>>> print(open('final_21.pdb').read())   # PDB, C-alpha atoms, pLDDT in the B column
ATOM      1  CA  MET A   1     205.892-124.945 126.917  1.00 47.00           C
ATOM      2  CA  VAL A   2     204.155-128.306 127.161  1.00 52.00           C
ATOM      3  CA  GLU A   3     200.411-127.930 126.598  1.00 53.00           C
ATOM      4  CA  HIS A   4     198.463-127.814 129.861  1.00 61.00           C
ATOM      5  CA  ASP A   5     195.518-129.798 128.473  1.00 67.00           C
ATOM      6  CA  VAL A   6     197.838-132.718 127.669  1.00 66.00           C
ATOM      7  CA  LEU A   7     199.346-132.589 131.159  1.00 71.00           C
ATOM      8  CA  ASP A   8     195.959-132.293 132.840  1.00 77.00           C
ATOM      9  CA  ALA A   9     194.461-135.202 130.898  1.00 75.00           C
ATOM     10  CA  THR A  10     197.461-137.435 131.593  1.00 79.00           C
ATOM     11  CA  ARG A  11     197.479-136.503 135.285  1.00 79.00           C
ATOM     12  CA  ALA A  12     193.780-137.271 135.648  1.00 80.00           C
ATOM     13  CA  ALA A  13     194.145-140.601 133.871  1.00 79.00           C
ATOM     14  CA  TYR A  14     197.006-141.708 136.121  1.00 80.00           C
ATOM     15  CA  ASP A  15     195.206-140.522 139.243  1.00 82.00           C
ATOM     16  CA  ALA A  16     192.341-142.832 138.303  1.00 81.00           C
ATOM     17  CA  ALA A  17     194.644-145.762 137.456  1.00 78.00           C
ATOM     18  CA  ALA A  18     197.106-145.337 140.338  1.00 84.00           C
ATOM     19  CA  PRO A  19     196.039-148.215 142.649  1.00 83.00           C
ATOM     20  CA  LEU A  20     195.901-150.768 139.824  1.00 85.00           C
ATOM     21  CA  TYR A  21     199.145-149.470 138.297  1.00 79.00           C
ATOM     22  CA  ALA A  22     200.969-149.804 141.619  1.00 84.00           C
ATOM     23  CA  GLN A  23     199.677-153.335 142.070  1.00 87.00           C
ATOM     24  CA  LEU A  24     200.690-154.415 138.553  1.00 83.00           C
ATOM     25  CA  PHE A  25     204.180-152.919 138.510  1.00 84.00           C
ATOM     26  CA  ARG A  26     205.406-153.107 142.120  1.00 88.00           C
ATOM     27  CA  GLU A  27     207.422-156.280 141.403  1.00 90.00           C
ATOM     28  CA  GLU A  28     208.210-155.618 137.733  1.00 90.00           C
ATOM     29  CA  LEU A  29     212.001-155.742 138.159  1.00 95.00           C
ATOM     30  CA  ARG A  30     211.910-159.240 139.629  1.00 93.00           C
ATOM     31  CA  ASP A  31     211.704-160.884 136.192  1.00 90.00           C
ATOM     32  CA  ARG A  32     213.668-158.221 134.294  1.00 92.00           C
ATOM     33  CA  PRO A  33     217.391-158.859 134.763  1.00 95.00           C
ATOM     34  CA  MET A  34     218.336-156.552 131.880  1.00 95.00           C
ATOM     35  CA  ASP A  35     216.415-153.675 133.437  1.00 96.00           C
ATOM     36  CA  ARG A  36     218.127-154.306 136.758  1.00 97.00           C
ATOM     37  CA  ALA A  37     221.464-154.330 134.934  1.00 97.00           C
ATOM     38  CA  ILE A  38     220.985-150.959 133.225  1.00 97.00           C
ATOM     39  CA  LEU A  39     219.705-149.389 136.437  1.00 98.00           C
ATOM     40  CA  GLY A  40     222.771-150.787 138.178  1.00 98.00           C
ATOM     41  CA  ALA A  41     225.053-149.308 135.521  1.00 97.00           C
ATOM     42  CA  PHE A  42     223.288-145.960 135.898  1.00 98.00           C
ATOM     43  CA  ALA A  43     223.785-146.081 139.669  1.00 97.00           C
ATOM     44  CA  GLU A  44     227.461-146.927 139.209  1.00 96.00           C
ATOM     45  CA  VAL A  45     228.275-144.082 136.800  1.00 96.00           C
ATOM     46  CA  VAL A  46     226.335-141.557 138.865  1.00 97.00           C
ATOM     47  CA  GLY A  47     228.026-142.712 142.049  1.00 93.00           C
ATOM     48  CA  ALA A  48     231.454-142.558 140.440  1.00 92.00           C
ATOM     49  CA  SER A  49     230.999-138.973 139.327  1.00 82.00           C
ATOM     50  CA  GLY A  50     230.177-137.488 142.730  1.00 76.00           C
ATOM     51  CA  ASP A  51     227.646-137.198 145.513  1.00 71.00           C
ATOM     52  CA  GLY A  52     224.879-135.384 143.624  1.00 83.00           C
ATOM     53  CA  GLN A  53     221.241-136.236 144.144  1.00 95.00           C
ATOM     54  CA  VAL A  54     219.239-138.237 141.615  1.00 98.00           C
ATOM     55  CA  ALA A  55     215.694-137.391 140.521  1.00 98.00           C
ATOM     56  CA  ASP A  56     213.329-140.117 139.307  1.00 98.00           C
ATOM     57  CA  LEU A  57     211.132-137.919 137.127  1.00 98.00           C
ATOM     58  CA  GLY A  58     207.804-139.563 136.447  1.00 95.00           C
ATOM     59  CA  CYS A  59     208.307-141.912 139.374  1.00 96.00           C
ATOM     60  CA  GLY A  60     204.762-143.270 139.530  1.00 94.00           C
ATOM     61  CA  PRO A  61     204.189-145.291 142.725  1.00 96.00           C
ATOM     62  CA  GLY A  62     207.875-145.108 143.638  1.00 97.00           C
ATOM     63  CA  HIS A  63     209.078-148.681 143.194  1.00 96.00           C
ATOM     64  CA  ILE A  64     211.993-147.758 140.917  1.00 98.00           C
ATOM     65  CA  THR A  65     212.918-144.838 143.176  1.00 98.00           C
ATOM     66  CA  ALA A  66     213.120-147.319 146.028  1.00 98.00           C
ATOM     67  CA  TYR A  67     215.285-149.649 143.943  1.00 98.00           C
ATOM     68  CA  LEU A  68     217.761-146.850 143.208  1.00 98.00           C
ATOM     69  CA  ASP A  69     217.838-146.075 146.921  1.00 97.00           C
ATOM     70  CA  GLU A  70     218.756-149.728 147.549  1.00 97.00           C
ATOM     71  CA  LEU A  71     221.608-149.273 145.057  1.00 97.00           C
ATOM     72  CA  GLY A  72     223.012-146.489 147.220  1.00 96.00           C
ATOM     73  CA  LEU A  73     221.843-143.357 145.408  1.00 97.00           C
ATOM     74  CA  ALA A  74     220.509-140.247 147.131  1.00 97.00           C
ATOM     75  CA  VAL A  75     217.286-140.352 145.153  1.00 98.00           C
ATOM     76  CA  PHE A  76     213.893-138.689 145.284  1.00 98.00           C
ATOM     77  CA  GLY A  77     210.825-139.066 143.087  1.00 98.00           C
ATOM     78  CA  VAL A  78     208.660-136.566 141.229  1.00 97.00           C
ATOM     79  CA  ASP A  79     205.370-137.271 139.467  1.00 96.00           C
ATOM     80  CA  ALA A  80     202.536-135.171 138.079  1.00 93.00           C
ATOM     81  CA  SER A  81     199.909-137.466 139.611  1.00 94.00           C
ATOM     82  CA  PRO A  82     199.032-136.655 143.242  1.00 95.00           C
ATOM     83  CA  ALA A  83     197.500-140.118 143.610  1.00 94.00           C
ATOM     84  CA  MET A  84     200.753-141.771 142.531  1.00 94.00           C
ATOM     85  CA  ILE A  85     202.748-139.641 144.956  1.00 97.00           C
ATOM     86  CA  GLU A  86     200.377-140.513 147.795  1.00 96.00           C
ATOM     87  CA  LEU A  87     200.891-144.225 147.088  1.00 96.00           C
ATOM     88  CA  ALA A  88     204.672-143.776 146.875  1.00 97.00           C
ATOM     89  CA  ARG A  89     204.835-141.916 150.189  1.00 98.00           C
ATOM     90  CA  HIS A  90     202.757-144.630 151.856  1.00 97.00           C
ATOM     91  CA  ALA A  91     204.813-147.505 150.419  1.00 96.00           C
ATOM     92  CA  TYR A  92     208.237-145.918 150.985  1.00 97.00           C
ATOM     93  CA  PRO A  93     207.931-143.493 153.920  1.00 98.00           C
ATOM     94  CA  GLY A  94     211.691-143.069 154.235  1.00 97.00           C
ATOM     95  CA  LEU A  95     212.018-141.516 150.782  1.00 98.00           C
ATOM     96  CA  ARG A  96     211.076-138.101 149.399  1.00 98.00           C
ATOM     97  CA  PHE A  97     208.330-137.825 146.785  1.00 98.00           C
ATOM     98  CA  ASP A  98     207.026-134.565 145.305  1.00 97.00           C
ATOM     99  CA  VAL A  99     204.156-133.664 142.997  1.00 96.00           C
ATOM    100  CA  GLY A 100     205.568-131.843 139.979  1.00 94.00           C
ATOM    101  CA  SER A 101     205.936-131.569 136.220  1.00 91.00           C
ATOM    102  CA  MET A 102     208.901-132.715 134.157  1.00 91.00           C
ATOM    103  CA  ALA A 103     208.476-129.587 132.044  1.00 89.00           C
ATOM    104  CA  ALA A 104     209.142-127.294 135.023  1.00 91.00           C
ATOM    105  CA  VAL A 105     211.037-129.162 137.733  1.00 92.00           C
ATOM    106  CA  ASP A 106     211.301-127.360 141.075  1.00 93.00           C
ATOM    107  CA  ILE A 107     215.063-127.912 141.260  1.00 94.00           C
ATOM    108  CA  ALA A 108     217.904-125.393 140.926  1.00 95.00           C
ATOM    109  CA  ASP A 109     220.148-125.376 137.866  1.00 97.00           C
ATOM    110  CA  GLY A 110     222.956-127.905 137.675  1.00 96.00           C
ATOM    111  CA  VAL A 111     222.526-129.663 141.020  1.00 96.00           C
ATOM    112  CA  LEU A 112     221.663-133.263 140.101  1.00 97.00           C
ATOM    113  CA  GLY A 113     224.124-136.060 139.519  1.00 97.00           C
ATOM    114  CA  GLY A 114     221.510-138.079 137.691  1.00 98.00           C
ATOM    115  CA  VAL A 115     218.030-138.057 136.196  1.00 98.00           C
ATOM    116  CA  LEU A 116     215.966-141.163 135.567  1.00 98.00           C
ATOM    117  CA  SER A 117     213.126-140.897 133.078  1.00 98.00           C
ATOM    118  CA  ARG A 118     211.779-144.418 132.731  1.00 96.00           C
ATOM    119  CA  TRP A 119     208.790-144.501 130.389  1.00 92.00           C
ATOM    120  CA  SER A 120     207.817-141.072 131.735  1.00 92.00           C
ATOM    121  CA  VAL A 121     208.181-139.198 128.419  1.00 93.00           C
ATOM    122  CA  ILE A 122     205.941-141.532 126.422  1.00 89.00           C
ATOM    123  CA  HIS A 123     202.907-139.277 126.862  1.00 88.00           C
ATOM    124  CA  THR A 124     204.770-136.169 125.686  1.00 90.00           C
ATOM    125  CA  PRO A 125     203.762-135.093 122.161  1.00 89.00           C
ATOM    126  CA  PRO A 126     206.899-135.373 119.979  1.00 90.00           C
ATOM    127  CA  ARG A 127     207.002-131.661 119.138  1.00 91.00           C
ATOM    128  CA  GLU A 128     207.183-130.915 122.871  1.00 91.00           C
ATOM    129  CA  LEU A 129     209.858-133.450 123.803  1.00 94.00           C
ATOM    130  CA  PRO A 130     212.722-130.901 123.434  1.00 95.00           C
ATOM    131  CA  VAL A 131     211.136-128.857 126.256  1.00 93.00           C
ATOM    132  CA  ILE A 132     211.399-131.850 128.581  1.00 95.00           C
ATOM    133  CA  LEU A 133     214.958-132.684 127.521  1.00 97.00           C
ATOM    134  CA  ALA A 134     216.017-129.074 128.003  1.00 97.00           C
ATOM    135  CA  GLU A 135     214.702-129.286 131.557  1.00 97.00           C
ATOM    136  CA  PHE A 136     216.672-132.497 132.160  1.00 98.00           C
ATOM    137  CA  TYR A 137     219.772-130.698 130.877  1.00 98.00           C
ATOM    138  CA  ARG A 138     219.112-127.680 133.105  1.00 98.00           C
ATOM    139  CA  VAL A 139     218.891-129.610 136.367  1.00 97.00           C
ATOM    140  CA  LEU A 140     221.872-131.907 135.699  1.00 97.00           C
ATOM    141  CA  ALA A 141     225.320-130.920 136.881  1.00 96.00           C
ATOM    142  CA  PRO A 142     228.157-131.011 134.319  1.00 96.00           C
ATOM    143  CA  GLY A 143     229.078-134.665 133.931  1.00 96.00           C
ATOM    144  CA  GLY A 144     225.676-135.755 135.254  1.00 97.00           C
ATOM    145  CA  HIS A 145     223.875-138.667 133.614  1.00 97.00           C
ATOM    146  CA  LEU A 146     220.387-139.208 132.220  1.00 98.00           C
ATOM    147  CA  LEU A 147     218.860-142.662 131.801  1.00 98.00           C
ATOM    148  CA  ILE A 148     215.762-142.511 129.617  1.00 98.00           C
ATOM    149  CA  GLY A 149     213.540-145.491 128.835  1.00 97.00           C
ATOM    150  CA  PHE A 150     210.949-145.725 126.066  1.00 96.00           C
ATOM    151  CA  SER A 151     209.394-148.028 123.490  1.00 93.00           C
ATOM    152  CA  ALA A 152     210.898-148.070 120.001  1.00 94.00           C
ATOM    153  CA  SER A 153     209.093-147.340 116.760  1.00 92.00           C
ATOM    154  CA  ASP A 154     209.346-149.920 113.995  1.00 88.00           C
ATOM    155  CA  ASP A 155     210.680-147.903 111.079  1.00 86.00           C
ATOM    156  CA  PRO A 156     213.393-145.205 110.894  1.00 89.00           C
ATOM    157  CA  SER A 157     211.311-143.395 108.290  1.00 87.00           C
ATOM    158  CA  HIS A 158     208.683-142.899 111.042  1.00 84.00           C
ATOM    159  CA  PRO A 159     210.701-141.503 113.958  1.00 88.00           C
ATOM    160  CA  THR A 160     207.615-141.364 116.181  1.00 90.00           C
ATOM    161  CA  GLN A 161     204.495-143.514 116.285  1.00 87.00           C
ATOM    162  CA  VAL A 162     201.346-143.432 118.403  1.00 85.00           C
ATOM    163  CA  PHE A 163     200.460-146.612 120.268  1.00 81.00           C
ATOM    164  CA  ASP A 164     197.468-147.865 122.230  1.00 73.00           C
ATOM    165  CA  HIS A 165     198.526-147.191 125.796  1.00 69.00           C
ATOM    166  CA  ALA A 166     195.871-148.211 128.315  1.00 60.00           C
ATOM    167  CA  VAL A 167     196.014-144.984 130.350  1.00 63.00           C
ATOM    168  CA  ALA A 168     196.650-142.043 128.005  1.00 69.00           C
ATOM    169  CA  PRO A 169     197.740-141.323 124.400  1.00 76.00           C
ATOM    170  CA  ALA A 170     201.370-142.416 124.036  1.00 87.00           C
ATOM    171  CA  TYR A 171     204.269-142.304 121.599  1.00 93.00           C
ATOM    172  CA  ARG A 172     207.253-144.445 120.738  1.00 93.00           C
ATOM    173  CA  TRP A 173     210.475-143.262 119.077  1.00 94.00           C
ATOM    174  CA  TRP A 174     213.074-144.557 116.673  1.00 96.00           C
ATOM    175  CA  PRO A 175     216.098-144.837 119.019  1.00 96.00           C
ATOM    176  CA  ASP A 176     218.559-142.981 116.777  1.00 96.00           C
ATOM    177  CA  HIS A 177     216.067-140.141 116.392  1.00 95.00           C
ATOM    178  CA  LEU A 178     215.682-139.756 120.146  1.00 97.00           C
ATOM    179  CA  ALA A 179     219.453-140.006 120.614  1.00 97.00           C
ATOM    180  CA  ALA A 180     219.870-137.169 118.104  1.00 97.00           C
ATOM    181  CA  THR A 181     217.302-135.095 119.987  1.00 97.00           C
ATOM    182  CA  LEU A 182     219.305-135.706 123.161  1.00 98.00           C
ATOM    183  CA  ARG A 183     222.470-134.457 121.416  1.00 98.00           C
ATOM    184  CA  GLU A 184     220.670-131.328 120.304  1.00 97.00           C
ATOM    185  CA  SER A 185     219.746-130.754 123.958  1.00 97.00           C
ATOM    186  CA  GLY A 186     223.393-131.072 125.070  1.00 98.00           C
ATOM    187  CA  LEU A 187     223.169-134.684 126.279  1.00 98.00           C
ATOM    188  CA  ALA A 188     225.573-137.074 124.553  1.00 98.00           C
ATOM    189  CA  GLU A 189     224.692-140.760 124.374  1.00 98.00           C
ATOM    190  CA  VAL A 190     227.217-143.008 126.100  1.00 97.00           C
ATOM    191  CA  GLY A 191     225.364-146.300 125.758  1.00 97.00           C
ATOM    192  CA  ARG A 192     222.068-148.016 125.139  1.00 97.00           C
ATOM    193  CA  MET A 193     220.256-151.218 126.016  1.00 97.00           C
ATOM    194  CA  VAL A 194     217.775-152.853 123.651  1.00 96.00           C
ATOM    195  CA  ARG A 195     215.341-155.396 125.051  1.00 94.00           C
ATOM    196  CA  GLN A 196     213.546-157.505 122.466  1.00 93.00           C
ATOM    197  CA  PRO A 197     209.868-158.275 123.107  1.00 88.00           C
ATOM    198  CA  GLN A 198     209.045-161.663 124.535  1.00 83.00           C
ATOM    199  CA  PRO A 199     206.445-163.872 122.830  1.00 83.00           C
ATOM    200  CA  THR A 200     204.093-163.378 125.775  1.00 78.00           C
ATOM    201  CA  ASP A 201     204.351-159.565 125.738  1.00 76.00           C
ATOM    202  CA  ARG A 202     201.107-157.842 124.762  1.00 71.00           C
ATOM    203  CA  ARG A 203     202.990-155.234 122.739  1.00 75.00           C
ATOM    204  CA  GLN A 204     205.690-156.486 120.410  1.00 81.00           C
ATOM    205  CA  PHE A 205     207.875-153.388 120.713  1.00 88.00           C
ATOM    206  CA  GLN A 206     211.555-153.136 121.463  1.00 93.00           C
ATOM    207  CA  GLU A 207     212.211-151.460 124.801  1.00 95.00           C
ATOM    208  CA  ILE A 208     215.109-149.031 124.842  1.00 97.00           C
ATOM    209  CA  HIS A 209     217.187-147.440 127.570  1.00 98.00           C
ATOM    210  CA  LEU A 210     219.546-144.648 126.498  1.00 98.00           C
ATOM    211  CA  LEU A 211     222.271-143.507 128.888  1.00 98.00           C
ATOM    212  CA  ALA A 212     223.459-139.952 128.162  1.00 98.00           C
ATOM    213  CA  ARG A 213     225.864-137.518 129.779  1.00 98.00           C
ATOM    214  CA  LYS A 214     225.818-133.749 130.134  1.00 97.00           C
ATOM    215  CA  GLY A 215     229.113-132.271 128.974  1.00 89.00           C
TER     216      GLY A 215
END
>>> encode(input="final_21.pdb", output="structure tokens")
Amino acid sequence: MVEHDVLDATRAAYDAAAPLYAQLFREELRDRPMDRAILGAFAEVVGASGDGQVADLGCGPGHITAYLDELGLAVFGVDASPAMIELARHAYPGLRFDVGSMAAVDIADGVLGGVLSRWSVIHTPPRELPVILAEFYRVLAPGGHLLIGFSASDDPSHPTQVFDHAVAPAYRWWPDHLAATLRESGLAEVGRMVRQPQPTDRRQFQEIHLLARKG
């Protein structure tokens, strides 16, 4: 079980930062063609495998949920922060947004065609990440896909590293280590995208998206 004090502290921090966060990231995909490409690939493989719903877990103010809706997915968003969900509902009134935890998603077993977790696991202590991944596995239908985004650590001998996130304590992972953790949870990697940091980026970390499939 993910520790409640970690969840409560992260929720409170994002509640406080929600208006600024929404303002800063609402248009983030505009200048990120690679991110749009991997989200498009995710939408294509989910759409090809059936008509299942897609959950954007850790959806924040809902801008990526809305983008997946534009790509034709039956998508809804979930976030632990009530303030984020309030902003998402206001900005995108035609979409569904729920307050909830990734560690205990209020969704029946095996009903989702896809799960998006885009930078939403970065505040999960590494020892507790398997709990989250097991929940992703539980809610996905056989053949369903997970797209998980995170920042990469610098050294394979340090599979996780803490970094100075502005909102709450955060972690980055060596990509092969996280891919192995996915396999242990029953989610097999089918592809990955690596985005190198730009000279103007405040953090000089690789950004990773792993696409995995439930067998």
>>> atom_distance(input="final_21.pdb", atom1="CA of Gly52 (chain A)", atom2="CA of Leu112 (chain A)")
5.2 Å
>>> closest_residue(input="final_21.pdb", among="A:Arg26, A:Arg36, A:Arg89, A:Arg11", to="His209 (chain A)", atoms="only C-alpha atoms")
A:Arg36
>>> resolve_selection(input="final_21.pdb", expression="the PyMOL selection byres ((chain A and resi 43) around 8)", output="list in words")
Leu39, Gly40, Ala41, Phe42, Glu44, Val45, Val46, Gly47, Leu68, Leu71, Gly72 and Leu73 of chain A
>>> resolve_selection(input="final_21.pdb", expression="the PyMOL selection byres ((chain A and resi 123) around 9)", output="PyMOL selection string")
chain A and resi 6-7+10+119-122+124-126+168-171
>>> closest_residue(input="final_21.pdb", among="A:Ser117, A:Arg138, A:Ile208, A:Ile107", to="Ser151 (chain A)", atoms="only C-alpha atoms")
A:Ile208
>>> closest_residue(input="final_21.pdb", among="A:Ala16, A:Val54, A:Val75, A:Met102", to="Glu128 (chain A)", atoms="all atoms listed in the file")
A:Met102
>>> residues_near_point(input="final_21.pdb", point="(207.2, -142.2, 140.7)", cutoff="9 Å", atoms="all atoms listed in the file", output="PyMOL selection string")
chain A and resi 56-65+76-81+84-85+88+97-98
>>> closest_residue(input="final_21.pdb", among="A:Arg213, A:Arg96, A:Arg118, A:Arg127", to="Asp35 (chain A)", atoms="only C-alpha atoms")
A:Arg118
>>> residues_around(input="final_21.pdb", residues="Val190 (chain A)", least_positions_apart="6", cutoff="9 Å", atoms="only C-alpha atoms", output="PyMOL selection string")
chain A and resi 210-213
>>> closest_residue(input="final_21.pdb", among="A:Pro156, A:Pro197, A:Gly114, A:Gly50", to="Gly144 (chain A)", atoms="only C-alpha atoms")
A:Gly114
>>> closest_residue(input="final_21.pdb", among="A:Gln204, A:Pro142, A:Ser101, A:Phe136", to="Asp154 (chain A)", atoms="all atoms listed in the file")
A:Gln204
>>> atom_distance(input="final_21.pdb", atom1="CA of Gly149 (chain A)", atom2="CA of Gln23 (chain A)")
20.7 Å
>>> atom_distance(input="final_21.pdb", atom1="CA of Ala188 (chain A)", atom2="CA of Leu133 (chain A)")
11.9 Å
>>> resolve_selection(input="final_21.pdb", expression="the PyMOL selection byres ((chain A and resi 155) around 12)", output="CSV table (one decimal) with C-alpha atoms, in the frame of the given file")
chain,number,residue,atom,x,y,z
A,152,ALA,CA,210.9,-148.1,120.0
A,153,SER,CA,209.1,-147.3,116.8
A,154,ASP,CA,209.3,-149.9,114.0
A,156,PRO,CA,213.4,-145.2,110.9
A,157,SER,CA,211.3,-143.4,108.3
A,158,HIS,CA,208.7,-142.9,111.0
A,159,PRO,CA,210.7,-141.5,114.0
A,160,THR,CA,207.6,-141.4,116.2
A,161,GLN,CA,204.5,-143.5,116.3
A,172,ARG,CA,207.3,-144.4,120.7
A,173,TRP,CA,210.5,-143.3,119.1
A,174,TRP,CA,213.1,-144.6,116.7
A,175,PRO,CA,216.1,-144.8,119.0
A,176,ASP,CA,218.6,-143.0,116.8
A,177,HIS,CA,216.1,-140.1,116.4
A,205,PHE,CA,207.9,-153.4,120.7
A,206,GLN,CA,211.6,-153.1,121.5
